[in-house]
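All remarks here apply to the structure that follows.
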Amino acid sequence: MRLERSLPLLGFLLCVVGTAAQQEFLVEISGTTVTITCPLSEENIVWEITGTKADFSERKYVIENHDSSPANVSCSAGGNKYEMYLNARVCTNCEELDTLAVIGIVTADLLITFGVLILVYYFSKDRKGRASASAGGRPRGQKMQRPPPVPNPDYEPIRKGQREVYAGLESRGF
């Protein structure tokens, strides 16, 4: 019986603690600049980056020319302290693309590809019944018989009338 009465109180406490624990840092990256916003709303915030305290007391901390090295970042005020592991990749010559631009580029590429495919199909469809010009310029009429291939003179067969050339050869007994 006692457990049934305390369940609503336990659910309420879990909701309150869960929402308080869901406060997170806000990290914005633009070029080589990283801007970190502390979840605390107090005034005198102490920032600490990889063990060294920063001379900055505002809610937003800006790192200019970040070198993409990982860092442990913490902000604290009063008795509250929030910590974060920052592993932000930055580059100097990067361009930011939004989702709409990427979708537009992919769609335009697909439309151009399908357009070229349809053009090739349309123009190749008309040439199916025609004679090709690459057949050597000969008219295509009846199939002409090919002459027999030229025999290799090194392996010319012995003809019946020329046996006397080889008659002087005698077989050797081994």
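Chains: A, B, ... in order of the structure tokens. Residues: from 1 per chain. Ligands: from 1, in order shown.
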
I want to know what sits within 10 Å of Asn65 (chain A), based on only C-alpha atoms, with residues of the same chain fewer than 5 positions away left out; could you give that as a PyMOL selection string? chain A and resi 31-34+90-92

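The spacing separating CA of Val46 (chain A) from CA of Lys60 (chain A) amounts to 11.0 Å.
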
Inset, instruction - Give me the residues within 10 Å of Ser41 (chain A) as a PyMOL selection string, counting only C-alpha atoms and dropping any in the same chain fewer than 2 places off. - result: chain A and resi 37-39+43-45+58-59+77

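Between CA of Leu40 (chain A) and CA of Cys75 (chain A) the interatomic distance comes to 8.0 Å.
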
Item to complete: Could you find all residues in region 33-76 of chain A that DSSP calls strand (DSSP E or B) from the backbone, and write them as a ChimeraX atom specification?
Response: /A:33-37,46-49,52-53,60-63,71-76

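The shortest atom-to-atom distance to Leu26 (chain A), with only C-alpha atoms taken into account, belongs to A:Tyr61 out of A:Phe56, A:Tyr122, A:Phe114, A:Tyr61.
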
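Atom pair CA of Ile112 (chain A) / CA of Asn93 (chain A): separated by 28.8 Å.
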
Show which residues sit within 7 Å of region 48-51 of chain A, as a PDB file with all heavy atoms, in the first residue's frame. Count only C-alpha atoms, and ignore same-chain residues fewer than 3 positions away.
ATOM      1  N   ALA A  54      40.107  29.978 -18.201  1.00  0.00           N
ATOM      2  CA  ALA A  54      40.100  31.042 -19.211  1.00  0.00           C
ATOM      3  C   ALA A  54      39.680  32.353 -18.565  1.00  0.00           C
ATOM      4  O   ALA A  54      38.923  32.367 -17.598  1.00  0.00           O
ATOM      5  CB  ALA A  54      39.141  30.677 -20.335  1.00  0.00           C
ATOM      6  N   ALA A  71      39.546  18.549 -26.636  1.00  0.00           N
ATOM      7  CA  ALA A  71      39.713  19.323 -25.402  1.00  0.00           C
ATOM      8  C   ALA A  71      38.576  18.998 -24.452  1.00  0.00           C
ATOM      9  O   ALA A  71      37.461  18.691 -24.867  1.00  0.00           O
ATOM     10  CB  ALA A  71      39.726  20.816 -25.709  1.00  0.00           C
ATOM     11  N   ASN A  72      38.872  19.059 -23.149  1.00  0.00           N
ATOM     12  CA  ASN A  72      37.857  18.937 -22.110  1.00  0.00           C
ATOM     13  C   ASN A  72      37.438  20.350 -21.718  1.00  0.00           C
ATOM     14  O   ASN A  72      38.259  21.151 -21.282  1.00  0.00           O
ATOM     15  CB  ASN A  72      38.399  18.193 -20.890  1.00  0.00           C
ATOM     16  CG  ASN A  72      38.616  16.729 -21.194  1.00  0.00           C
ATOM     17  OD1 ASN A  72      37.809  16.104 -21.858  1.00  0.00           O
ATOM     18  ND2 ASN A  72      39.716  16.183 -20.715  1.00  0.00           N
ATOM     19  N   VAL A  73      36.162  20.647 -21.879  1.00  0.00           N
ATOM     20  CA  VAL A  73      35.639  21.985 -21.612  1.00  0.00           C
ATOM     21  C   VAL A  73      34.670  21.886 -20.451  1.00  0.00           C
ATOM     22  O   VAL A  73      33.836  20.974 -20.405  1.00  0.00           O
ATOM     23  CB  VAL A  73      34.921  22.553 -22.859  1.00  0.00           C
ATOM     24  CG1 VAL A  73      34.342  23.921 -22.567  1.00  0.00           C
ATOM     25  CG2 VAL A  73      35.863  22.613 -24.032  1.00  0.00           C
ATOM     26  N   SER A  74      34.779  22.820 -19.512  1.00  0.00           N
ATOM     27  CA  SER A  74      33.817  22.853 -18.403  1.00  0.00           C
ATOM     28  C   SER A  74      33.477  24.304 -18.097  1.00  0.00           C
ATOM     29  O   SER A  74      34.293  25.205 -18.246  1.00  0.00           O
ATOM     30  CB  SER A  74      34.390  22.157 -17.166  1.00  0.00           C
ATOM     31  OG  SER A  74      35.487  22.884 -16.667  1.00  0.00           O
ATOM     32  N   CYS A  75      32.238  24.488 -17.660  1.00  0.00           N
ATOM     33  CA  CYS A  75      31.803  25.807 -17.204  1.00  0.00           C
ATOM     34  C   CYS A  75      31.142  25.605 -15.843  1.00  0.00           C
ATOM     35  O   CYS A  75      30.437  24.630 -15.621  1.00  0.00           O
ATOM     36  CB  CYS A  75      30.865  26.467 -18.207  1.00  0.00           C
ATOM     37  SG  CYS A  75      29.285  25.668 -18.410  1.00  0.00           S
TER      38      CYS A  75
END

- Task: Just the residues within 8 Å of Ser68 (chain A), please, counting only C-alpha atoms, with nothing from its chain fewer than 5 positions along; format it as a ChimeraX atom specification.
- Result: /A:87-90

Print the selection's residues with N, CA, C and O atoms to a file, as an mmCIF file, in the first residue's frame.
data_model
loop_
_atom_site.group_PDB
_atom_site.id
_atom_site.type_symbol
_atom_site.label_atom_id
_atom_site.label_comp_id
_atom_site.auth_asym_id
_atom_site.auth_seq_id
_atom_site.Cartn_x
_atom_site.Cartn_y
_atom_site.Cartn_z
ATOM 1 N N ASN A 87 35.472 17.577 -29.469
ATOM 2 C CA ASN A 87 36.283 17.009 -30.546
ATOM 3 C C ASN A 87 35.718 17.553 -31.856
ATOM 4 O O ASN A 87 35.040 16.859 -32.589
ATOM 5 N N ALA A 88 35.965 18.825 -32.106
ATOM 6 C CA ALA A 88 35.404 19.504 -33.270
ATOM 7 C C ALA A 88 36.426 19.561 -34.393
ATOM 8 O O ALA A 88 37.557 19.976 -34.193
ATOM 9 N N ARG A 89 36.023 19.129 -35.575
ATOM 10 C CA ARG A 89 36.874 19.200 -36.764
ATOM 11 C C ARG A 89 36.565 20.504 -37.490
ATOM 12 O O ARG A 89 35.425 20.753 -37.862
ATOM 13 N N VAL A 90 37.576 21.316 -37.690
ATOM 14 C CA VAL A 90 37.397 22.588 -38.377
ATOM 15 C C VAL A 90 38.367 22.662 -39.548
ATOM 16 O O VAL A 90 39.376 21.957 -39.583
#
